[in-house]
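Student: This is the content of target-v8.tsv (TSV, C-alpha atoms):
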```
chain	number	residue	atom	x	y	z
A	1	MET	CA	-28.60	56.77	71.60
A	2	LEU	CA	-26.38	57.50	68.63
A	3	GLY	CA	-23.80	59.10	70.91
A	4	ILE	CA	-23.73	55.97	73.07
A	5	VAL	CA	-23.10	53.68	70.09
A	6	LEU	CA	-20.50	55.88	68.41
A	7	GLY	CA	-18.82	56.52	71.73
A	8	MET	CA	-18.57	52.80	72.47
A	9	GLN	CA	-17.12	52.17	69.00
A	10	PHE	CA	-14.50	54.86	69.60
A	11	VAL	CA	-13.58	53.57	73.06
A	12	VAL	CA	-13.27	49.92	72.03
A	13	GLY	CA	-11.35	50.87	68.88
A	14	ALA	CA	-8.95	53.05	70.86
A	15	VAL	CA	-8.39	50.33	73.46
A	16	ALA	CA	-7.76	47.75	70.74
A	17	LEU	CA	-5.20	50.01	69.06
A	18	ALA	CA	-3.52	50.84	72.37
A	19	ALA	CA	-3.27	47.14	73.18
A	20	GLY	CA	-1.61	46.46	69.84
A	21	PHE	CA	-4.60	44.44	68.68
A	22	PHE	CA	-4.13	45.64	65.11
A	23	SER	CA	-0.35	45.87	65.15
A	24	GLY	CA	1.51	44.29	62.26
A	25	SER	CA	-0.35	45.31	59.12
A	26	ALA	CA	1.78	42.88	57.14
A	27	VAL	CA	0.43	40.03	59.22
A	28	ASP	CA	-3.13	41.23	58.65
A	29	ALA	CA	-2.59	41.50	54.90
A	30	SER	CA	-1.07	38.03	54.62
A	31	ASP	CA	-3.60	36.42	56.97
A	32	PRO	CA	-7.16	37.50	56.06
A	33	ALA	CA	-8.58	34.98	58.55
A	34	LEU	CA	-6.74	36.69	61.43
A	35	ARG	CA	-7.93	40.10	60.27
A	36	GLY	CA	-11.50	38.82	60.13
A	37	ALA	CA	-11.25	37.39	63.64
A	38	ARG	CA	-9.86	40.66	65.04
A	39	LEU	CA	-12.50	42.81	63.39
A	40	ALA	CA	-15.28	40.45	64.52
A	41	ALA	CA	-14.02	40.62	68.11
A	42	VAL	CA	-13.87	44.43	68.10
A	43	TYR	CA	-17.30	44.69	66.48
A	44	VAL	CA	-19.02	42.48	69.04
A	45	ALA	CA	-17.08	44.06	71.93
A	46	SER	CA	-18.40	47.49	70.91
A	47	MET	CA	-21.92	46.77	69.64
A	48	LEU	CA	-23.14	44.37	72.32
A	49	PRO	CA	-22.36	46.67	75.29
A	50	ALA	CA	-23.66	49.62	73.26
A	51	TYR	CA	-27.00	47.86	72.78
A	52	VAL	CA	-27.24	47.17	76.52
A	53	LEU	CA	-26.35	50.78	77.38
A	54	VAL	CA	-28.97	52.08	74.93
A	55	LEU	CA	-31.59	49.93	76.65
A	56	VAL	CA	-30.51	51.36	80.02
A	57	TYR	CA	-30.63	54.89	78.64
A	58	ARG	CA	-34.09	54.27	77.18
A	59	ARG	CA	-35.37	53.05	80.53
A	60	PHE	CA	-33.77	56.02	82.30
A	61	ARG	CA	-35.60	58.38	79.92
A	62	GLY	CA	-38.92	56.68	80.68
A	63	GLY	CA	-39.17	54.75	77.44
A	64	ARG	CA	-42.23	52.53	77.15
A	65	GLY	CA	-43.42	49.85	74.78
A	66	PRO	CA	-41.58	47.02	73.02
A	67	VAL	CA	-37.96	47.05	71.94
A	68	GLY	CA	-38.56	44.81	68.95
A	69	ARG	CA	-41.33	42.58	67.67
A	70	PHE	CA	-40.98	39.03	66.37
A	71	ALA	CA	-44.27	38.18	64.63
A	72	PHE	CA	-44.45	35.15	62.34
A	73	GLY	CA	-45.27	37.47	59.42
A	74	GLY	CA	-41.55	38.00	59.16
A	75	TRP	CA	-41.23	34.71	57.32
A	76	ASN	CA	-43.41	35.75	54.32
A	77	PRO	CA	-41.33	34.43	51.36
A	78	ALA	CA	-42.97	36.61	48.69
A	79	LEU	CA	-42.44	39.78	50.71
A	80	LEU	CA	-38.81	38.90	51.45
A	81	VAL	CA	-38.05	38.15	47.79
A	82	TRP	CA	-39.64	41.44	46.73
A	83	ALA	CA	-37.65	43.38	49.34
A	84	PHE	CA	-34.35	41.78	48.26
A	85	VAL	CA	-35.07	42.54	44.59
A	86	PHE	CA	-35.92	46.10	45.64
A	87	MET	CA	-32.56	46.38	47.40
A	88	LEU	CA	-30.72	45.21	44.30
A	89	ALA	CA	-32.71	47.60	42.09
A	90	VAL	CA	-32.02	50.57	44.36
A	91	GLY	CA	-28.33	49.71	44.30
A	92	VAL	CA	-28.33	49.84	40.51
A	93	VAL	CA	-30.30	53.11	40.39
A	94	CYS	CA	-28.03	54.78	42.97
A	95	GLU	CA	-24.79	53.57	41.37
A	96	PRO	CA	-24.11	56.88	39.51
A	97	LEU	CA	-24.51	58.76	42.82
A	98	PHE	CA	-22.28	56.31	44.70
A	99	ASP	CA	-19.64	56.71	41.99
A	100	LEU	CA	-19.46	60.45	42.77
A	101	LEU	CA	-18.87	59.91	46.49
A	102	PRO	CA	-15.38	59.36	47.94
A	103	GLU	CA	-14.36	55.75	48.32
A	104	PRO	CA	-14.28	54.38	51.90
A	105	ALA	CA	-10.80	54.23	53.39
A	106	ASP	CA	-10.76	50.50	54.17
A	107	THR	CA	-13.59	48.02	53.71
A	108	ASP	CA	-11.58	44.81	53.83
A	109	LEU	CA	-13.25	42.67	56.49
A	110	GLY	CA	-10.91	39.74	56.07
A	111	ARG	CA	-11.99	36.22	55.21
A	112	GLY	CA	-12.94	33.01	56.93
A	113	GLY	CA	-15.42	31.85	59.54
A	114	TRP	CA	-15.16	34.85	61.87
A	115	THR	CA	-15.77	37.27	59.02
A	116	LEU	CA	-18.83	35.28	57.97
A	117	PHE	CA	-20.03	35.29	61.58
A	118	SER	CA	-19.74	39.06	61.88
A	119	VAL	CA	-21.27	39.72	58.43
A	120	LEU	CA	-24.09	37.16	58.45
A	121	VAL	CA	-24.94	36.84	62.15
A	122	ALA	CA	-23.53	39.50	64.49
A	123	ALA	CA	-24.20	42.58	62.34
A	124	PRO	CA	-27.74	41.62	61.22
A	125	VAL	CA	-28.81	40.60	64.74
A	126	LEU	CA	-27.23	43.43	66.76
A	127	GLU	CA	-27.92	46.23	64.28
A	128	GLU	CA	-31.54	45.19	63.76
A	129	LEU	CA	-32.13	44.85	67.51
A	130	LEU	CA	-30.71	48.34	67.92
A	131	CYS	CA	-31.94	50.27	64.85
A	132	ARG	CA	-35.28	48.66	64.07
A	133	GLY	CA	-35.96	47.36	67.57
A	134	VAL	CA	-34.96	49.99	70.11
A	135	VAL	CA	-34.56	53.15	68.00
A	136	LEU	CA	-37.53	52.75	65.65
A	137	GLU	CA	-39.90	51.60	68.38
A	138	SER	CA	-38.79	54.38	70.74
A	139	LEU	CA	-39.28	57.06	68.07
A	140	ARG	CA	-42.54	55.47	66.99
A	141	GLY	CA	-44.03	55.91	70.45
A	142	ARG	CA	-43.06	59.60	70.59
A	143	TYR	CA	-43.23	60.90	67.02
A	144	GLY	CA	-45.29	58.49	64.95
A	145	THR	CA	-44.65	55.79	62.35
A	146	VAL	CA	-43.25	57.80	59.44
A	147	ALA	CA	-40.85	59.87	61.57
A	148	ALA	CA	-39.67	56.70	63.32
A	149	TRP	CA	-39.10	54.98	59.96
A	150	PHE	CA	-37.12	57.92	58.54
A	151	PHE	CA	-34.96	58.77	61.55
A	152	SER	CA	-34.18	55.15	62.41
A	153	SER	CA	-32.96	54.77	58.81
A	154	LEU	CA	-30.86	57.92	59.25
A	155	PHE	CA	-29.51	56.49	62.52
A	156	PHE	CA	-28.55	53.31	60.67
A	157	GLY	CA	-26.79	55.34	57.98
A	158	VAL	CA	-24.78	57.52	60.36
A	159	LEU	CA	-23.78	54.38	62.25
A	160	HIS	CA	-21.77	53.28	59.20
A	161	GLY	CA	-19.51	56.32	59.38
A	162	GLN	CA	-17.95	57.08	55.99
A	163	LEU	CA	-20.09	59.02	53.51
A	164	LEU	CA	-20.60	56.39	50.79
A	165	LEU	CA	-21.30	53.66	53.33
A	166	ALA	CA	-23.64	55.97	55.26
A	167	VAL	CA	-25.71	56.92	52.18
A	168	ASN	CA	-25.96	53.31	51.07
A	169	ALA	CA	-26.88	52.19	54.60
A	170	PHE	CA	-29.58	54.87	54.84
A	171	VAL	CA	-31.23	53.57	51.66
A	172	ILE	CA	-30.99	49.94	52.77
A	173	GLY	CA	-32.16	50.92	56.26
A	174	ALA	CA	-35.27	52.55	54.80
A	175	ILE	CA	-36.22	49.27	53.14
A	176	LEU	CA	-35.41	47.23	56.26
A	177	GLY	CA	-37.45	49.62	58.40
A	178	TYR	CA	-40.39	49.38	56.03
A	179	ILE	CA	-40.30	45.58	56.09
A	180	TYR	CA	-40.17	45.62	59.88
A	181	LEU	CA	-43.19	47.91	60.08
A	182	VAL	CA	-45.19	45.83	57.61
A	183	THR	CA	-44.40	42.43	59.13
A	184	GLY	CA	-44.05	43.48	62.76
A	185	SER	CA	-41.06	41.16	62.91
A	186	LEU	CA	-37.34	41.63	63.36
A	187	TRP	CA	-36.88	38.16	61.84
A	188	ALA	CA	-37.66	39.67	58.43
A	189	SER	CA	-35.27	42.61	58.71
A	190	MET	CA	-32.53	40.38	60.17
A	191	LEU	CA	-32.81	37.92	57.30
A	192	LEU	CA	-32.80	40.65	54.65
A	193	HIS	CA	-29.88	42.36	56.37
A	194	ALA	CA	-27.95	39.09	56.28
A	195	LEU	CA	-28.77	38.56	52.57
A	196	ASN	CA	-27.62	42.07	51.70
A	197	ASN	CA	-24.38	41.56	53.64
A	198	ALA	CA	-23.86	38.18	51.97
A	199	ALA	CA	-24.14	39.76	48.52
A	200	ALA	CA	-21.67	42.50	49.51
A	201	TYR	CA	-19.27	39.93	50.96
A	202	LEU	CA	-19.36	37.82	47.79
A	203	LEU	CA	-18.53	40.88	45.69
A	204	MET	CA	-15.67	41.75	48.04
A	205	ALA	CA	-14.33	38.18	48.01
A	206	ALA	CA	-14.45	38.18	44.21
A	207	GLY	CA	-12.59	41.50	44.07
A	208	LEU	CA	-15.58	43.27	42.53
A	209	SER	CA	-16.69	45.51	45.38
A	210	ASP	CA	-15.34	48.63	43.64
A	211	THR	CA	-16.43	47.58	40.13
A	212	LEU	CA	-19.33	49.48	38.54
A	213	LEU	CA	-22.15	47.51	36.95
A	214	ILE	CA	-21.58	49.20	33.60
A	215	ASP	CA	-17.98	47.96	33.63
A	216	LEU	CA	-19.06	44.51	34.76
A	217	VAL	CA	-21.72	44.19	32.05
A	218	GLY	CA	-19.54	45.58	29.28
A	219	SER	CA	-22.36	46.48	26.90
A	220	ARG	CA	-23.89	49.94	27.27
A	221	THR	CA	-27.12	48.73	25.65
A	222	LEU	CA	-27.50	45.89	28.15
A	223	TYR	CA	-26.61	48.25	30.98
A	224	ALA	CA	-29.31	50.70	29.84
A	225	ILE	CA	-31.90	47.89	29.78
A	226	ILE	CA	-30.89	46.74	33.28
A	227	TYR	CA	-30.90	50.32	34.58
A	228	ILE	CA	-34.36	51.09	33.17
A	229	GLY	CA	-35.70	47.85	34.64
A	230	ALA	CA	-34.18	48.70	38.04
A	231	LEU	CA	-35.62	52.21	37.81
A	232	VAL	CA	-39.12	50.84	37.16
A	233	VAL	CA	-38.84	48.40	40.07
A	234	THR	CA	-37.59	51.18	42.35
A	235	ALA	CA	-40.31	53.64	41.34
A	236	VAL	CA	-43.14	51.13	41.74
A	237	SER	CA	-41.76	49.83	45.03
A	238	ALA	CA	-41.28	53.34	46.41
A	239	TRP	CA	-44.87	54.18	45.49
A	240	MET	CA	-46.07	51.04	47.29
A	241	MET	CA	-43.99	51.96	50.34
A	242	ARG	CA	-45.44	55.46	50.42
A	243	ARG	CA	-49.00	54.16	50.27
A	244	THR	CA	-48.42	51.60	53.00
A	245	LEU	CA	-46.63	54.05	55.30
A	246	SER	CA	-49.52	56.50	54.86
A	247	ARG	CA	-51.99	53.78	55.86
A	248	LEU	CA	-49.89	52.82	58.87
A	249	ARG	CA	-49.71	56.46	59.96
A	250	ALA	CA	-53.45	56.93	59.51
A	251	GLY	CA	-54.14	53.75	61.48
A	252	ALA	CA	-51.86	54.85	64.32
A	253	GLU	CA	-53.55	58.24	64.48
A	254	LYS	CA	-56.98	56.60	64.81
A	255	GLU	CA	-55.98	54.32	67.67
A	256	PRO	CA	-56.34	56.88	70.51
A	257	ALA	CA	-59.82	57.82	69.25
A	258	ALA	CA	-60.82	54.17	69.08
A	259	GLN	CA	-59.86	53.69	72.74
```
As structure tokens, what does this structure read like?

Tutor:
Amino acid sequence: MLGIVLGMQFVVGAVALAAGFFSGSAVDASDPALRGARLAAVYVASMLPAYVLVLVYRRFRGGRGPVGRFAFGGWNPALLVWAFVFMLAVGVVCEPLFDLLPEPADTDLGRGGWTLFSVLVAAPVLEELLCRGVVLESLRGRYGTVAAWFFSSLFFGVLHGQLLLAVNAFVIGAILGYIYLVTGSLWASMLLHALNNAAAYLLMAAGLSDTLLIDLVGSRTLYAIIYIGALVVTAVSAWMMRRTLSRLRAGAEKEPAAQ
């Protein structure tokens, strides 16, 4: 499945370059809206066919079961707020690690309506349908809940390519996968994905995407307080996740006996 997605990204990217789709870097730099439109077009042109091909491959391999659930539990406000706070806290805790990793080559997605469409709609919908829908559910049927949660998160991380982006995506994907398992709804993971992307886009638009929190805060004392608070939130939330995943695994293991 990963080979299909990465292969489609490579093919569409190569075709776009060969067609001169990204020619004229000066034009791209002076027209962020045009850059955003081009990147959005390439993203959708690669991810949408990739999703369809993964579904075909899954069927060819005899895959059974759902390829995504959409229960109403996905609209639980308290759970969504907790998950978003957890994402922010993890980002703060992991900041020293991210600072050690090489910076991504180019993360400028442009500006304007097409960029917002790709960041807030296309990416959350297509990536959640693929990673939490098809991949997690397929692995869940074969290897169990915990393995499906972990490897679908790893799939999501590798999908983002460059090391820093991949590590960050793996962490975020673990939270999104957990929320999907708890709610049984892709609505929840899609909404959280969109919120996370919106926060990243706002930082990028403000020119702060490469700025560390300690530099942004200014005061080391205040930074230490924020970091300790984020560490507590992360530790408690991770403990809750572990307990819930253990219960889900135990429940899944009992189902065959109950039948």

Student: Expressed in Å to a single decimal, how great is the separation between CA of Ala71 (chain A) and CA of Met47 (chain A)?

Tutor: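 CA of Met47 (chain A) lies 24.5 Å from CA of Ala71 (chain A).
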
Student: Quick one: of A:Ala18, A:Leu139, A:Ile172, A:Val182, who's nearest to Arg243 (chain A), counting all atoms listed in the file?

Tutor: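 Distance minimum relative to Arg243 (chain A) lands on A:Val182.
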
Student: State, in Å with one decimal place, the distance from CA of Phe86 (chain A) to CA of Val171 (chain A).

Tutor: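 Computed distance, CA of Phe86 (chain A) to CA of Val171 (chain A), equals 10.7 Å.
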
Student: Using Å and a single decimal, report how far CA of Leu212 (chain A) sits from CA of Val93 (chain A).

Tutor: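 Spanning CA of Val93 (chain A) to CA of Leu212 (chain A) is a straight-line distance of 11.7 Å.
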
Student: Between A:Glu95, A:Ala174, A:Asn168, A:Leu116, which residue has the minimum interatomic distance to Arg132 (chain A), considering all atoms listed in the file?

Tutor: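 Among A:Glu95, A:Ala174, A:Asn168, A:Leu116, it is A:Ala174 that comes nearest to Arg132 (chain A).
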
Student: Using all atoms listed in the file for the distances, tell me which of A:Leu248, A:Leu208, A:Ile214, A:Ala198 is nearest to Val121 (chain A).

Tutor: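 The closest residue to Val121 (chain A) is A:Ala198.
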
Student: Using all atoms listed in the file, find the one residue out of A:Trp114, A:Trp82, A:Tyr57, A:Phe98 that sits nearest to Val134 (chain A).

Tutor: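 Closest residue, counting all atoms listed in the file: A:Tyr57.
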
Student: Go through A:Val44, A:Ile175, A:Met87, A:Leu159 and flag the residue nearest Ser189 (chain A), using all atoms listed in the file for the distances.

Tutor: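 Looking only at the distances to Ser189 (chain A), the closest residue turns out to be A:Ile175.
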
Student: So that I can check the surroundings of Ala200 (chain A), please list as a list in words every protein, DNA and RNA residue that reaches within 9 Å of it, counting only C-alpha atoms and ignoring chain neighbours fewer than 5 positions away.

Tutor: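 The residues satisfying every condition are Leu195, Ala205 and Ser209 of chain A.
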
Student: What's the 10 Å shell around Thr244 (chain A), counting all atoms listed in the file, without same-chain residues fewer than 5 positions away, as a PDB file with C-alpha atoms, keeping the file's coordinate frame?

Tutor:
```pdb
ATOM      1  CA  TYR A 178     -40.390  49.380  56.030  1.00  0.00           C
ATOM      2  CA  LEU A 181     -43.190  47.910  60.080  1.00  0.00           C
ATOM      3  CA  VAL A 182     -45.190  45.830  57.610  1.00  0.00           C
ATOM      4  CA  ALA A 238     -41.280  53.340  46.410  1.00  0.00           C
ATOM      5  CA  TRP A 239     -44.870  54.180  45.490  1.00  0.00           C
ATOM      6  CA  ARG A 249     -49.710  56.460  59.960  1.00  0.00           C
ATOM      7  CA  ALA A 250     -53.450  56.930  59.510  1.00  0.00           C
TER       8      ALA A 250
END
```

Student: Hey, what's within 12 Å of Ala45 (chain A) if we count only C-alpha atoms and toss same-chain stuff fewer than 3 positions away? As number ranges by chain, please?

Tutor: A: 5, 8-13, 15-16, 38-42, 48-52, 118, 122, 126

Student: If we count only C-alpha atoms and set the cut-off at 10 Å, which residues sit around Arg58 (chain A), ignoring sequence neighbours fewer than 2 positions away in its own chain? Please answer as a list in words.

Tutor: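 Near Arg58 (chain A), the qualifying residues are Met1, Val52, Leu53, Val54, Leu55, Val56, Phe60, Arg61, Gly62, Gly63, Arg64, Val67, Val134, Val135 and Ser138 of chain A.
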
Student: Between A:Ser153, A:Ser185, A:Asn197, A:Ser237, which one has atoms that come closest to Pro66 (chain A), using only C-alpha atoms?

Tutor: A:Ser185

Student: Provide an axis-aligned box for all listed atoms of region 99-111 of chain A, padding each side by 3 Å; report its centre and its edge lengths in Å to one decimal, as JSON.

Tutor:
```
{"center_x": -15.2, "center_y": 48.3, "center_z": 49.2, "size_x": 14.9, "size_y": 30.2, "size_z": 20.5}
```

Student: Can you tell me, as a PyMOL selection string, which residues sit within 10 Å of (-33.6, 46.3, 42.8) in the file's frame, using only C-alpha atoms?

Tutor: chain A and resi 82-93+226-227+229-234+237

Student: Write the selection just made, keeping C-alpha atoms, as a tab-separated table (two decimals), keeping the file's coordinate frame?

Tutor:
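Final output, selection-v4.tsv:
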```tsv
chain	number	residue	atom	x	y	z
A	82	TRP	CA	-39.64	41.44	46.73
A	83	ALA	CA	-37.65	43.38	49.34
A	84	PHE	CA	-34.35	41.78	48.26
A	85	VAL	CA	-35.07	42.54	44.59
A	86	PHE	CA	-35.92	46.10	45.64
A	87	MET	CA	-32.56	46.38	47.40
A	88	LEU	CA	-30.72	45.21	44.30
A	89	ALA	CA	-32.71	47.60	42.09
A	90	VAL	CA	-32.02	50.57	44.36
A	91	GLY	CA	-28.33	49.71	44.30
A	92	VAL	CA	-28.33	49.84	40.51
A	93	VAL	CA	-30.30	53.11	40.39
A	226	ILE	CA	-30.89	46.74	33.28
A	227	TYR	CA	-30.90	50.32	34.58
A	229	GLY	CA	-35.70	47.85	34.64
A	230	ALA	CA	-34.18	48.70	38.04
A	231	LEU	CA	-35.62	52.21	37.81
A	232	VAL	CA	-39.12	50.84	37.16
A	233	VAL	CA	-38.84	48.40	40.07
A	234	THR	CA	-37.59	51.18	42.35
A	237	SER	CA	-41.76	49.83	45.03
```
